[in-house]
$ cat my_file_37.txt   # compact mmCIF, C-alpha atoms
# COMPACT_ATOMS: atom_id res chain seq x y z
CA MET A 3 0.67 16.99 1.44
CA ILE A 4 -0.18 13.77 -0.38
CA THR A 5 1.33 12.84 -3.71
CA LEU A 6 0.76 9.84 -5.94
CA GLU A 7 4.07 8.16 -6.76
CA HIS A 8 4.37 4.79 -8.49
CA ASP A 9 0.87 3.78 -7.33
CA ARG A 10 1.66 4.70 -3.72
CA LEU A 11 0.13 7.49 -1.66
CA VAL A 12 3.05 9.40 -0.19
CA PHE A 13 2.23 11.54 2.85
CA ARG A 14 4.78 14.28 3.60
CA PHE A 15 4.76 16.74 6.48
CA PRO A 16 7.81 18.95 5.80
CA GLU A 17 6.32 21.64 8.06
CA VAL A 18 6.53 19.17 10.96
CA HIS A 19 9.86 17.43 10.32
CA LYS A 20 12.08 16.60 7.36
CA ASP A 21 11.82 12.87 8.21
CA ALA A 22 8.02 12.90 8.46
CA THR A 23 7.23 10.93 5.31
CA CYS A 24 5.28 7.71 4.94
CA ALA A 25 3.86 5.78 2.02
CA ILE A 26 0.72 3.67 1.80
CA GLU A 27 -0.07 1.20 -0.96
CA PHE A 28 -2.80 -1.31 -1.58
CA GLN A 29 -1.62 -4.83 -2.28
CA ARG A 30 -3.41 -7.34 -4.46
CA THR A 31 -3.78 -10.70 -2.77
CA LEU A 32 -5.68 -13.94 -2.91
CA ARG A 33 -8.98 -14.23 -1.09
CA ILE A 34 -8.70 -16.49 1.93
CA PRO A 35 -11.46 -19.05 2.51
CA ASP A 36 -14.48 -17.58 4.30
CA ASP A 37 -15.15 -20.72 6.33
CA GLY A 38 -14.88 -19.57 9.95
CA LEU A 39 -11.32 -20.90 10.35
CA ASP A 40 -8.37 -18.63 11.15
CA TYR A 41 -5.76 -18.46 8.40
CA PRO A 42 -2.25 -16.99 8.28
CA LEU A 43 -1.51 -13.86 6.26
CA PRO A 44 -1.75 -14.25 2.48
CA PRO A 45 1.00 -12.92 0.18
CA GLY A 46 1.25 -9.61 -1.66
CA MET A 47 0.95 -9.87 -5.43
CA GLY A 48 1.85 -6.32 -6.40
CA GLY A 49 0.15 -3.00 -5.84
CA PHE A 50 -3.22 -1.93 -7.25
CA PRO A 51 -2.94 0.94 -9.74
CA LEU A 52 -4.04 4.33 -8.42
CA ARG A 53 -5.08 7.41 -10.44
CA HIS A 54 -6.07 10.96 -9.57
CA LEU A 55 -9.88 11.03 -9.65
CA ASP A 56 -9.70 14.58 -11.05
CA ASP A 57 -8.16 13.19 -14.27
CA TYR A 58 -11.58 11.76 -15.14
CA ALA A 59 -13.60 14.71 -13.87
CA ARG A 60 -15.83 14.89 -16.93
CA ARG A 61 -16.77 11.22 -16.77
CA VAL A 62 -17.34 10.44 -13.10
CA PRO A 63 -20.50 11.17 -11.12
CA GLU A 64 -20.57 14.42 -9.19
CA ASP A 65 -20.52 12.76 -5.80
CA TRP A 66 -17.31 10.88 -6.70
CA LEU A 67 -15.70 14.10 -7.87
CA ARG A 68 -16.74 16.06 -4.80
CA ARG A 69 -14.76 13.83 -2.44
CA GLY A 70 -11.54 14.06 -4.47
CA GLY A 71 -8.76 11.57 -3.79
CA VAL A 72 -7.82 8.66 -6.00
CA LEU A 73 -9.43 5.90 -8.03
CA MET A 74 -8.50 2.22 -7.65
CA PRO A 75 -9.81 -0.82 -9.56
CA MET A 76 -10.94 -4.03 -7.87
CA HIS A 77 -12.73 -7.05 -9.28
CA GLN A 78 -15.85 -8.09 -7.43
CA ALA A 79 -14.89 -10.42 -4.56
CA GLU A 80 -11.21 -9.53 -4.93
CA ALA A 81 -9.22 -9.09 -1.72
CA MET A 82 -6.54 -6.60 -0.72
CA TRP A 83 -4.32 -5.51 2.15
CA ILE A 84 -2.77 -2.20 3.07
CA ASN A 85 1.00 -1.83 3.22
CA PHE A 86 2.49 0.91 5.42
CA ASP A 87 6.04 2.20 4.94
CA SER A 88 7.16 4.95 7.30
CA GLY A 89 10.83 4.30 7.91
CA MET A 90 11.57 5.35 11.51
CA TYR A 91 9.18 8.32 11.82
CA PRO A 92 6.02 7.33 13.73
CA PHE A 93 2.53 8.08 12.44
CA ALA A 94 -1.02 7.45 13.61
CA VAL A 95 -3.26 6.24 10.77
CA LYS A 96 -7.02 5.90 10.74
CA ILE A 97 -8.51 3.55 8.16
CA ALA A 98 -12.19 3.35 7.33
CA THR A 99 -14.30 1.49 4.79
CA GLY A 100 -17.46 3.32 3.79
CA LYS A 101 -16.52 5.90 6.44
CA THR A 102 -16.75 3.19 9.11
CA CYS A 103 -13.60 2.73 11.18
CA ALA A 104 -11.90 -0.62 10.43
CA LEU A 105 -10.70 -0.89 14.03
CA THR A 106 -13.80 0.13 15.97
CA GLY A 107 -16.80 0.12 13.61
CA ASP A 108 -17.57 3.74 14.58
CA GLY A 109 -18.52 6.43 12.06
CA TRP A 110 -15.84 8.69 10.60
CA ILE A 111 -14.40 11.50 12.71
CA ASN A 112 -11.42 13.68 11.82
CA HIS A 113 -9.55 13.19 15.10
CA LEU A 114 -7.98 10.37 17.07
CA ASN A 115 -9.70 8.45 19.86
CA THR A 116 -8.15 6.14 22.38
CA ASP A 117 -11.21 4.61 24.03
CA PRO A 118 -11.45 2.54 22.01
CA GLN A 119 -8.28 3.19 20.00
CA ASP A 120 -9.39 3.96 16.45
CA TYR A 121 -6.01 4.14 14.71
CA ALA A 122 -2.95 2.05 13.91
CA VAL A 123 0.56 3.17 14.79
CA LEU A 124 3.42 3.12 12.28
CA PRO A 125 6.02 1.77 11.99
CA GLU A 126 4.88 -0.80 14.57
CA GLN A 127 1.95 -1.83 12.34
CA PRO A 128 3.42 -2.96 9.00
CA TRP A 129 0.18 -4.06 7.36
CA LEU A 130 -3.59 -4.10 7.77
CA ASP A 131 -5.56 -6.87 6.05
CA GLY A 132 -9.06 -6.31 7.32
CA CYS A 133 -11.44 -5.26 10.09
CA CYS A 134 -10.61 -6.21 13.66
CA VAL A 135 -13.31 -8.70 14.72
CA ALA A 136 -11.51 -10.31 17.69
CA LYS A 137 -8.25 -9.78 19.54
CA GLY A 138 -5.57 -10.84 17.06
CA ILE A 139 -8.10 -11.65 14.33
CA VAL A 140 -9.22 -9.60 11.32
CA ARG A 141 -11.73 -10.31 8.58
CA GLN A 142 -10.18 -9.77 5.17
CA PHE A 143 -11.05 -6.71 3.06
CA VAL A 144 -13.10 -8.06 0.11
CA ALA A 145 -14.57 -5.82 -2.61
CA MET A 146 -18.34 -6.11 -3.06
CA PRO A 147 -20.88 -3.88 -4.82
CA LEU A 148 -22.65 -1.38 -2.61
CA GLY A 149 -26.35 -1.92 -2.18
CA GLN A 150 -26.38 -5.67 -1.58
CA GLY A 151 -25.88 -5.54 2.16
CA PHE A 152 -22.43 -7.13 2.35
CA THR A 153 -20.21 -4.18 3.24
CA VAL A 154 -19.29 -3.20 6.79
CA GLU A 155 -20.84 0.21 6.16
CA GLU A 156 -24.20 -1.32 5.23
CA GLN A 157 -24.15 -3.80 8.11
CA LEU A 158 -23.46 -1.13 10.73
CA THR A 159 -25.31 1.91 9.37
CA GLY A 160 -28.01 0.31 7.23
CA GLU A 161 -27.03 2.59 4.35
CA ALA A 162 -25.00 2.16 1.17
CA GLU A 163 -23.80 5.71 0.86
CA HIS A 164 -20.02 6.03 0.74
CA GLY A 165 -18.19 2.82 -0.14
CA GLY A 166 -14.48 3.00 -0.90
CA LEU A 167 -11.70 3.40 1.61
CA GLN A 168 -10.74 6.43 3.68
CA LEU A 169 -7.41 7.27 5.29
CA ILE A 170 -6.13 10.01 7.53
CA VAL A 171 -2.51 10.24 8.65
CA TYR A 172 -1.13 12.20 11.63
CA PRO A 173 2.61 12.60 12.16
CA MET A 174 4.26 12.41 15.54
CA LYS A 175 5.06 15.81 17.05
CA ALA A 176 8.55 16.85 15.97
CA GLU A 177 9.83 17.46 19.50
CA ARG A 178 8.66 14.01 20.57
CA TYR A 179 10.42 12.42 17.61
CA GLU A 180 13.64 14.34 18.23
CA ALA A 181 13.61 13.32 21.89
CA MET A 182 13.05 9.71 20.91
CA MET A 183 15.83 9.73 18.34
CA SER A 184 18.29 11.30 20.76
CA GLU A 185 17.66 8.35 23.07
CA VAL A 186 17.94 5.77 20.32
CA GLY A 187 20.78 7.39 18.37
CA PRO A 188 21.05 7.44 14.60
CA VAL A 189 19.38 4.48 12.98
CA ALA A 190 20.02 3.26 9.47
CA ARG A 191 16.85 3.80 7.52
CA SER A 192 15.73 1.16 5.05
CA TYR A 193 13.61 2.34 2.27
CA GLY A 194 13.29 0.08 2.82
CA PRO A 195 -16.58 7.77 -19.66
CA LEU A 196 -18.72 5.77 -17.68
CA PRO A 197 -21.63 4.74 -19.99
CA SER A 198 -24.11 6.40 -17.65
CA GLN A 199 -24.37 8.01 -14.28
CA ALA A 200 -26.64 5.20 -13.14
CA GLU A 201 -23.89 2.68 -13.72
CA ALA A 202 -21.40 4.86 -11.97
CA ALA A 203 -23.57 4.99 -8.89
CA SER A 204 -22.98 1.26 -8.28
CA ALA A 205 -19.66 1.89 -6.60
CA MET A 206 -17.73 -0.74 -4.68
CA GLY A 207 -17.27 -1.06 -0.97
CA LEU A 208 -15.25 -3.35 1.27
CA ALA A 209 -16.95 -6.25 2.97
CA PRO A 210 -15.66 -8.66 5.63
CA GLY A 211 -14.24 -11.85 4.16
CA GLY A 212 -12.46 -14.79 5.78
CA ARG A 213 -10.69 -14.67 9.14
CA MET A 214 -6.94 -14.38 9.53
CA ARG A 215 -4.48 -13.97 12.35
CA GLN A 216 -3.32 -10.37 12.55
CA GLU A 217 -2.81 -8.24 15.63
CA ILE A 218 -3.45 -4.51 15.66
CA TYR A 219 -1.21 -2.91 18.20
CA GLU A 220 -1.93 -0.56 21.08
CA ASP A 221 -0.47 2.93 20.92
CA ASP A 222 2.59 2.84 23.19
CA TYR A 223 3.37 6.51 22.53
CA GLY A 224 0.11 7.96 23.89
CA LEU A 225 -2.40 10.32 22.28
CA ASP A 226 -0.30 13.35 23.19
CA ALA A 227 2.49 12.19 20.84
CA TRP A 228 0.50 12.96 17.69
CA ASP A 229 0.34 16.31 15.95
CA GLN A 230 -3.39 16.44 15.23
CA ARG A 231 -3.13 19.90 13.65
CA GLN A 232 -1.21 18.43 10.72
CA ALA A 233 -3.34 15.63 9.30
CA SER A 234 -3.64 14.64 5.64
CA ARG A 235 -6.52 12.53 4.43
CA CYS A 236 -7.58 10.75 1.26
CA PHE A 237 -10.71 9.10 -0.12
CA VAL A 238 -9.99 6.03 -2.26
CA THR A 239 -12.90 5.39 -4.61
CA ILE A 240 -13.05 1.75 -5.68
CA ALA A 241 -14.15 1.18 -9.28
CA ASN A 242 -15.13 -2.25 -10.53
CA SER A 243 -13.21 -3.56 -13.53
CA MET A 244 -15.77 -2.36 -16.11
CA GLN A 245 -15.91 1.13 -14.61
CA TRP A 246 -12.10 1.28 -14.46
CA MET A 247 -11.71 0.35 -18.14
CA ALA A 248 -14.42 2.77 -19.22
CA LEU A 249 -12.83 5.61 -17.29
CA THR A 250 -9.11 5.06 -17.76
CA GLY A 251 -8.93 2.96 -20.93
CA GLU A 252 -6.60 0.63 -19.01
CA ARG A 253 -7.14 -3.00 -18.18
CA PRO A 254 -7.21 -3.69 -14.44
CA PRO A 255 -4.69 -6.18 -13.08
CA THR A 256 -5.64 -9.80 -13.67
CA GLU A 257 -7.44 -11.58 -10.87
CA PRO A 258 -5.11 -13.33 -8.45
CA PRO A 259 -5.01 -17.13 -8.19
CA THR A 260 -7.34 -18.78 -5.71
CA ALA A 261 -6.06 -19.72 -2.26
CA ARG A 262 -6.24 -23.38 -3.31
CA GLN A 263 -4.16 -22.82 -6.48
CA TYR A 264 -1.61 -20.78 -4.56
CA THR A 265 -1.22 -23.30 -1.75
CA ALA A 266 -1.11 -26.27 -4.13
CA ALA A 267 1.82 -24.61 -5.90
CA GLY A 268 3.76 -24.87 -2.61
CA LEU A 269 3.92 -21.11 -2.10
CA PRO A 270 4.12 -19.65 1.40
CA TRP A 271 1.73 -17.86 3.71
CA PHE A 272 2.94 -15.60 6.52
CA ASP A 273 2.63 -14.97 10.26
CA TYR A 274 3.78 -11.75 11.90
CA PHE A 275 4.96 -11.46 15.49
CA GLY A 276 5.03 -8.02 17.05
CA GLY A 277 7.24 -8.99 19.98
CA ASP A 278 6.23 -7.25 23.22
CA LEU A 279 3.54 -5.10 21.60
CA THR A 280 0.01 -5.50 22.97
CA ALA A 281 -2.83 -6.37 20.62
CA LEU A 282 -6.06 -4.35 20.69
CA GLU A 283 -9.32 -5.98 21.69
CA GLU A 284 -12.16 -5.96 19.18
CA THR A 285 -15.18 -3.69 19.71
CA GLU A 286 -18.70 -4.97 20.16
CA LYS A 287 -19.76 -3.42 16.84
CA LEU A 288 -17.18 -5.26 14.77
CA ARG A 289 -17.46 -8.50 16.75
CA GLY A 290 -21.01 -8.78 15.45
CA ILE A 291 -20.45 -8.24 11.74
CA ALA A 292 -21.17 -11.11 9.39
CA SER A 293 -18.91 -12.24 6.56
CA VAL A 294 -19.84 -12.22 2.89
CA ALA A 295 -20.28 -16.00 2.90
CA GLU A 296 -22.44 -15.90 6.04
CA ILE A 297 -24.75 -13.24 4.57
CA GLY A 298 -24.88 -15.08 1.25
CA GLY A 299 -25.65 -18.36 3.02
CA ALA A 300 -28.50 -16.77 4.98
CA ASN A 301 -29.96 -15.54 1.69
CA GLY A 302 -29.45 -18.87 -0.08
CA GLU A 303 -26.74 -17.40 -2.31
CA SER A 304 -23.05 -18.11 -2.93
CA PRO A 305 -21.57 -14.66 -3.50
CA LEU A 306 -17.96 -15.89 -3.32
CA PRO A 307 -16.62 -18.38 -5.81
CA GLU A 308 -14.05 -20.84 -4.40
CA TYR A 309 -14.22 -20.35 -0.68
CA GLU A 310 -13.78 -23.96 0.45
CA SER A 311 -11.37 -24.67 3.29
CA ILE A 312 -7.74 -25.36 2.52
CA GLU A 313 -4.86 -26.74 4.52
CA VAL A 314 -1.91 -24.41 4.81
CA ASP A 315 1.33 -26.15 5.65
CA ARG A 316 3.96 -23.63 4.60
CA VAL A 317 3.96 -20.54 6.79
CA ILE A 318 6.88 -18.12 7.02
CA PRO A 319 7.15 -16.39 10.40
CA LEU A 320 8.14 -12.72 10.22
CA ARG A 321 9.21 -10.74 13.25
CA ARG A 322 9.16 -7.06 14.06
CA ARG A 323 12.13 -5.06 12.79
CA GLU A 324 13.57 -7.84 10.66
CA SER A 325 15.38 -6.24 7.76
CA ASN A 326 14.03 -6.52 4.25
CA GLN A 327 10.84 -8.28 5.20
CA VAL A 328 8.91 -9.22 2.15
CA ARG A 329 5.42 -10.57 2.09
CA GLU A 330 5.22 -11.36 -1.57
CA MET A 331 4.47 -14.25 -3.83
CA SER A 332 7.88 -15.71 -4.69
CA GLY A 333 6.97 -18.07 -7.52
CA GLU A 334 4.69 -18.62 -10.47
CA VAL A 335 1.15 -19.85 -10.19
CA THR A 336 -1.41 -19.71 -12.94
CA ALA A 337 -5.17 -19.61 -12.76
CA SER A 338 -5.37 -22.93 -14.58
CA SER A 339 -3.04 -24.85 -12.26
CA MET B 23 34.27 1.80 -10.82
CA THR B 24 31.55 4.07 -12.19
CA GLN B 25 29.10 5.88 -9.95
CA PHE B 26 26.42 3.47 -11.17
CA GLY B 27 28.54 0.40 -10.47
CA THR B 28 29.64 1.66 -7.07
CA PHE B 29 26.05 2.41 -6.06
CA VAL B 30 24.74 -1.00 -7.19
CA HIS B 31 27.63 -2.84 -5.53
CA ALA B 32 27.12 -0.99 -2.23
CA ALA B 33 23.34 -1.50 -2.25
CA ARG B 34 23.64 -5.20 -3.01
CA ARG B 35 26.38 -5.82 -0.44
CA SER B 36 24.37 -3.99 2.21
CA LEU B 37 21.42 -6.30 1.57
CA GLN B 38 23.67 -9.34 1.36
CA ALA B 39 25.00 -8.62 4.85
CA GLY B 40 21.59 -9.52 6.24
CA ASP B 41 20.36 -11.96 3.63
CA ARG B 42 22.38 -14.43 1.60
CA ARG B 43 19.85 -14.29 -1.23
CA TYR B 44 21.53 -11.07 -2.31
CA SER B 45 24.69 -12.78 -3.55
CA LEU B 46 25.89 -11.64 -6.98
CA ARG B 47 24.80 -14.93 -8.52
CA GLN B 48 21.29 -14.95 -7.05
CA VAL B 49 20.58 -11.29 -7.82
CA ALA B 50 21.81 -11.79 -11.40
CA LYS B 51 19.50 -14.77 -11.79
CA ARG B 52 16.47 -12.87 -10.48
CA ILE B 53 17.00 -9.96 -12.86
CA SER B 54 17.74 -12.32 -15.78
CA VAL B 55 21.36 -11.41 -16.52
CA GLU B 56 24.56 -13.45 -16.34
CA PRO B 57 26.49 -13.19 -13.04
CA SER B 58 29.64 -12.23 -14.95
CA TYR B 59 27.75 -9.34 -16.58
CA LEU B 60 26.44 -8.07 -13.24
CA SER B 61 29.95 -8.33 -11.83
CA LYS B 62 31.28 -6.20 -14.70
CA ILE B 63 28.49 -3.67 -14.17
CA GLU B 64 29.40 -3.36 -10.49
CA ARG B 65 33.08 -2.90 -11.37
CA GLY B 66 32.29 -0.33 -14.04
CA GLN B 67 33.81 -2.45 -16.80
CA VAL B 68 30.70 -2.24 -18.98
CA ALA B 69 28.13 0.48 -19.53
CA PRO B 70 25.01 0.41 -17.33
CA PRO B 71 22.41 -2.08 -18.62
CA SER B 72 19.25 -1.40 -20.59
CA GLU B 73 16.37 0.56 -19.09
CA ALA B 74 14.37 -2.62 -18.45
CA ALA B 75 17.29 -4.36 -16.71
CA THR B 76 18.06 -1.24 -14.67
CA VAL B 77 14.46 -1.06 -13.47
CA ARG B 78 14.53 -4.78 -12.54
CA LEU B 79 17.78 -4.22 -10.67
CA ALA B 80 16.34 -1.20 -8.83
CA MET B 81 13.27 -3.16 -7.76
CA GLU B 82 15.42 -6.08 -6.65
CA LEU B 83 17.65 -3.83 -4.56
CA ASP B 84 14.73 -1.79 -3.15
CA GLN B 85 15.94 1.38 -4.85
CA ASP B 86 14.05 4.08 -6.74
CA PRO B 87 14.16 3.14 -10.47
CA ASP B 88 14.37 6.80 -11.54
CA VAL B 89 17.41 7.36 -9.33
CA LEU B 90 19.21 4.29 -10.66
CA LEU B 91 18.36 5.21 -14.27
CA ALA B 92 19.75 8.71 -13.67
CA LEU B 93 22.97 7.25 -12.25
CA GLY B 94 23.20 5.21 -15.44
CA GLY B 95 22.78 8.32 -17.58
CA LYS B 96 19.24 7.43 -18.65
CA VAL B 97 15.77 8.89 -18.33
CA SER B 98 12.85 6.45 -18.18
CA SER B 99 10.87 6.09 -21.38
CA ASP B 100 7.62 7.23 -19.74
CA LEU B 101 9.30 10.50 -18.71
CA GLN B 102 10.70 10.92 -22.24
CA GLU B 103 7.20 10.47 -23.58
CA VAL B 104 5.87 13.13 -21.22
CA ILE B 105 8.54 15.59 -22.40
CA ARG B 106 8.07 14.73 -26.10
CA LYS B 107 4.37 15.59 -25.88
CA ARG B 108 5.05 19.16 -24.63
CA PRO B 109 8.80 19.66 -25.19
CA ARG B 110 8.94 23.44 -24.98
CA LEU B 111 6.88 23.65 -21.80
CA PHE B 112 8.77 20.90 -19.96
CA ALA B 113 12.18 22.09 -21.11
CA GLN B 114 11.41 25.54 -19.73
CA LEU B 115 10.02 24.11 -16.51
CA ILE B 116 13.03 21.88 -15.86
CA ARG B 117 15.52 24.67 -16.62
CA GLU B 118 13.72 27.07 -14.31
CA LEU B 119 13.70 24.54 -11.49
CA ARG B 120 17.33 23.51 -12.02
CA ASP B 121 18.65 25.31 -8.95
CA ALA B 122 15.48 25.47 -6.90
CA PRO B 123 15.66 23.87 -3.45
CA ASP B 124 13.75 20.62 -2.92
CA HIS B 125 10.96 22.22 -0.90
CA ALA B 126 10.30 24.69 -3.74
CA VAL B 127 10.12 21.87 -6.28
CA LEU B 128 7.80 19.91 -4.00
CA ARG B 129 5.48 22.92 -3.87
CA ILE B 130 4.65 22.48 -7.56
CA VAL B 131 4.25 18.71 -7.38
CA ARG B 132 0.69 17.71 -7.94
CA GLU B 133 -1.07 16.83 -4.73
CA VAL B 134 -3.86 14.35 -4.27
CA ARG B 135 -6.86 16.59 -3.72
CA ASP B 136 -8.91 16.14 -0.58
CA GLY B 137 -12.56 16.93 -1.17
CA ASP B 138 -15.77 17.11 0.77
CA TRP B 139 -16.66 13.80 2.43

$ encode --input "my_file_37.txt" --output "structure tokens"
Amino acid sequence: MITLEHDRLVFRFPEVHKDATCAIEFQRTLRIPDDGLDYPLPPGMGGFPLRHLDDYARRVPEDWLRRGGVLMPMHQAEAMWINFDSGMYPFAVKIATGKTCALTGDGWINHLNTDPQDYAVLPEQPWLDGCCVAKGIVRQFVAMPLGQGFTVEEQLTGEAEHGGLQLIVYPMKAERYEAMMSEVGPVARSYGPLPSQAEAASAMGLAPGGRMRQEIYEDDYGLDAWDQRQASRCFVTIANSMQWMALTGERPPTEPPTARQYTAAGLPWFDYFGGDLTALEETEKLRGIASVAEIGGANGESPLPEYESIEVDRVIPLRRRESNQVREMSGEVTASS
Amino acid sequence: MTQFGTFVHAARRSLQAGDRRYSLRQVAKRISVEPSYLSKIERGQVAPPSEAATVRLAMELDQDPDVLLALGGKVSSDLQEVIRKRPRLFAQLIRELRDAPDHAVLRIVREVRDGDW
């Protein structure tokens, strides 16, 4: 079952194991420059609000309502990353944008594949910031309107049909988890109305932005570890700020500062080291996708404001299993600075 | 010590063991209270702080705000608002679920609906 708690999607599998709970949230962040250079990980600036789509059933288009799930606001060209929190219980998670797998570029299927691996493994994978375009490199998730050719979905399928973000979570088989825990011993757990249907149809999708260093790790447990009979999945419909206000009556979060403003304020970026974990290779499909700036440049347009290169000199290294890791903005920076 | 104070003290000290930023002084500064006040809260010498300060403290200590508010004898204002809108219905619901096991309560929690996609 999936519940919505404090703007987090909480996946529980009590029929599998009492510990089988994980939470997924979508973090606001600054957009890294889309200049071909490889940047460290940008900070988290708080979670995006999430609402049950069904709460606005009378005001959303039928195709939005049919897929269920939740509604999330993003400004055009705003970036985000996905935060995973599973404690000690392992999960396999598939993530797609516009029903196109963020790890392989393949179309959506409701089961796990290993060749190529089309899922991330929790808790080994703490975050996902974008689509895997090279080994150890992702292109940032950036919100763009569907229908303009920027999204991964449009680049790989030629169609602007789905948009949004899709997730499916599979817990580890209970017996496998119990066996693993008996070897490890007890471990302290850290908990850690739209004006018109036509306007509604212009939904948002996720497009590839700038490049950053982030490894996506190979599954060390093996496909047999996952209980594929017990999956829970969710469609996250992305509304632009006008659609969000019209539907919910709430203002969306303010736009984050630019990468230049953030860096000039002396605030840190991050690198993550997964220790002895092996990073996945990119697939041919995703290796070939173009970024928003590249597509805009080819069309003589500048779809992204403020994407000039910056020099990052303050990077905080984070390592696997460090306690209380935070990847958050730890100071004040204003849009006018 | 009160249950609230004991819980806050234990949570903060546990974090402090791995990170010096969780000293009494630094936590107090980040949640905008005086260190002496936070010390008194932890020792149960004063009543738990306001709802806003309790929520800040919960976020700082990576705890569930609703749990910390409950330990302090409070219910968050958004929950109060929910109950005030339909008091009879929610009073009945809460009383009926008083002794229900967790899995039975979870069964009535609203799920995110998966549709056709």

$ interface_residues --input "my_file_37.txt" --of "chain A" --to "chain B" --cutoff "6 Å" --atoms "all atoms listed in the file" --output "list in words"
Ile4, Thr5, Arg68, Arg69, Gly70, Gly71 and Cys236 of chain A

$ atom_distance --input "my_file_37.txt" --atom1 "CA of Pro16 in chain A" --atom2 "CA of Gln232 in chain A"
10.3 Å

$ closest_residue --input "my_file_37.txt" --among "B:Leu90, B:Leu79, B:Ile130, B:Leu46" --to "Ile116 in chain B" --atoms "all atoms listed in the file"
B:Ile130

$ closest_residue --input "my_file_37.txt" --among "B:Val77, B:Val30, B:Ser45, B:Arg35" --to "Lys62 in chain B" --atoms "all atoms listed in the file"
B:Val30

$ atom_distance --input "my_file_37.txt" --atom1 "CA of Pro44 in chain A" --atom2 "CA of Arg316 in chain A"
11.2 Å

$ residues_around --input "my_file_37.txt" --residues "Asp88 in chain B" --least-positions-apart "6" --cutoff "12 Å" --atoms "all atoms listed in the file" --output "list in words"
Glu7 and His8 of chain A; Glu73, Ala74, Thr76, Val77, Arg78, Leu79, Ala80, Met81, Gly94, Gly95, Lys96, Val97, Ser98, Ser99, Asp100 and Leu101 of chain B

$ atom_distance --input "my_file_37.txt" --atom1 "CA of Asp56 in chain A" --atom2 "CA of Ile170 in chain A"
19.5 Å

$ closest_residue --input "my_file_37.txt" --among "A:Phe28, A:Tyr223, A:Tyr274, A:Trp129" --to "Leu167 in chain A" --atoms "all atoms listed in the file"
A:Phe28

$ residues_around --input "my_file_37.txt" --residues "range 93-100 of chain A" --least-positions-apart "3" --cutoff "6 Å" --atoms "all atoms listed in the file" --output "VMD selection string"
chain A and resid 103 to 104 121 to 124 155 164 to 174

$ closest_residue --input "my_file_37.txt" --among "A:His113, A:Arg215, A:Arg60, A:Lys101" --to "Gly132 in chain A" --atoms "all atoms listed in the file"
A:Arg215

$ closest_residue --input "my_file_37.txt" --among "A:Val154, A:Met74, A:Ala267, A:Leu39" --to "Ile312 in chain A" --atoms "only C-alpha atoms"
A:Leu39

$ residues_around --input "my_file_37.txt" --residues "Pro45 in chain A" --least-positions-apart "3" --cutoff "7 Å" --atoms "only C-alpha atoms" --output "tab-separated table (two decimals) with C-alpha atoms, in the coordinates of the input"
chain	number	residue	atom	x	y	z
A	31	THR	CA	-3.78	-10.70	-2.77
A	271	TRP	CA	1.73	-17.86	3.71
A	329	ARG	CA	5.42	-10.57	2.09
A	330	GLU	CA	5.22	-11.36	-1.57
A	331	MET	CA	4.47	-14.25	-3.83

$ closest_residue --input "my_file_37.txt" --among "A:Ile291, A:Ile34, A:Leu269, A:Met90" --to "Ile318 in chain A" --atoms "all atoms listed in the file"
A:Leu269

$ residues_around --input "my_file_37.txt" --residues "range 254-257 of chain A" --least-positions-apart "6" --cutoff "7 Å" --atoms "all atoms listed in the file" --output "list in words"
Pro75, Ser243 and Trp246 of chain A

$ residues_near_point --input "my_file_37.txt" --point "(32.1, -2.1, -12.0)" --cutoff "10 Å" --atoms "all atoms listed in the file" --output "list in words"
Met23, Thr24, Gln25, Phe26, Gly27, Thr28, Phe29, Val30, His31, Tyr59, Leu60, Ser61, Lys62, Ile63, Glu64, Arg65, Gly66, Gln67, Val68, Ala69 and Pro70 of chain B

$ residues_around --input "my_file_37.txt" --residues "Ser54 in chain B" --least-positions-apart "4" --cutoff "9 Å" --atoms "only C-alpha atoms" --output "compact mmCIF listing (two decimals) with C-alpha atoms, in the frame of the given file"
# COMPACT_ATOMS: atom_id res chain seq x y z
CA VAL B 49 20.58 -11.29 -7.82
CA ALA B 50 21.81 -11.79 -11.40
CA ALA B 75 17.29 -4.36 -16.71
CA ARG B 78 14.53 -4.78 -12.54

$ residues_near_point --input "my_file_37.txt" --point "(-15.3, -23.7, -0.4)" --cutoff "10 Å" --atoms "all atoms listed in the file" --output "VMD selection string"
chain A and resid 35 to 37 262 295 304 306 to 312
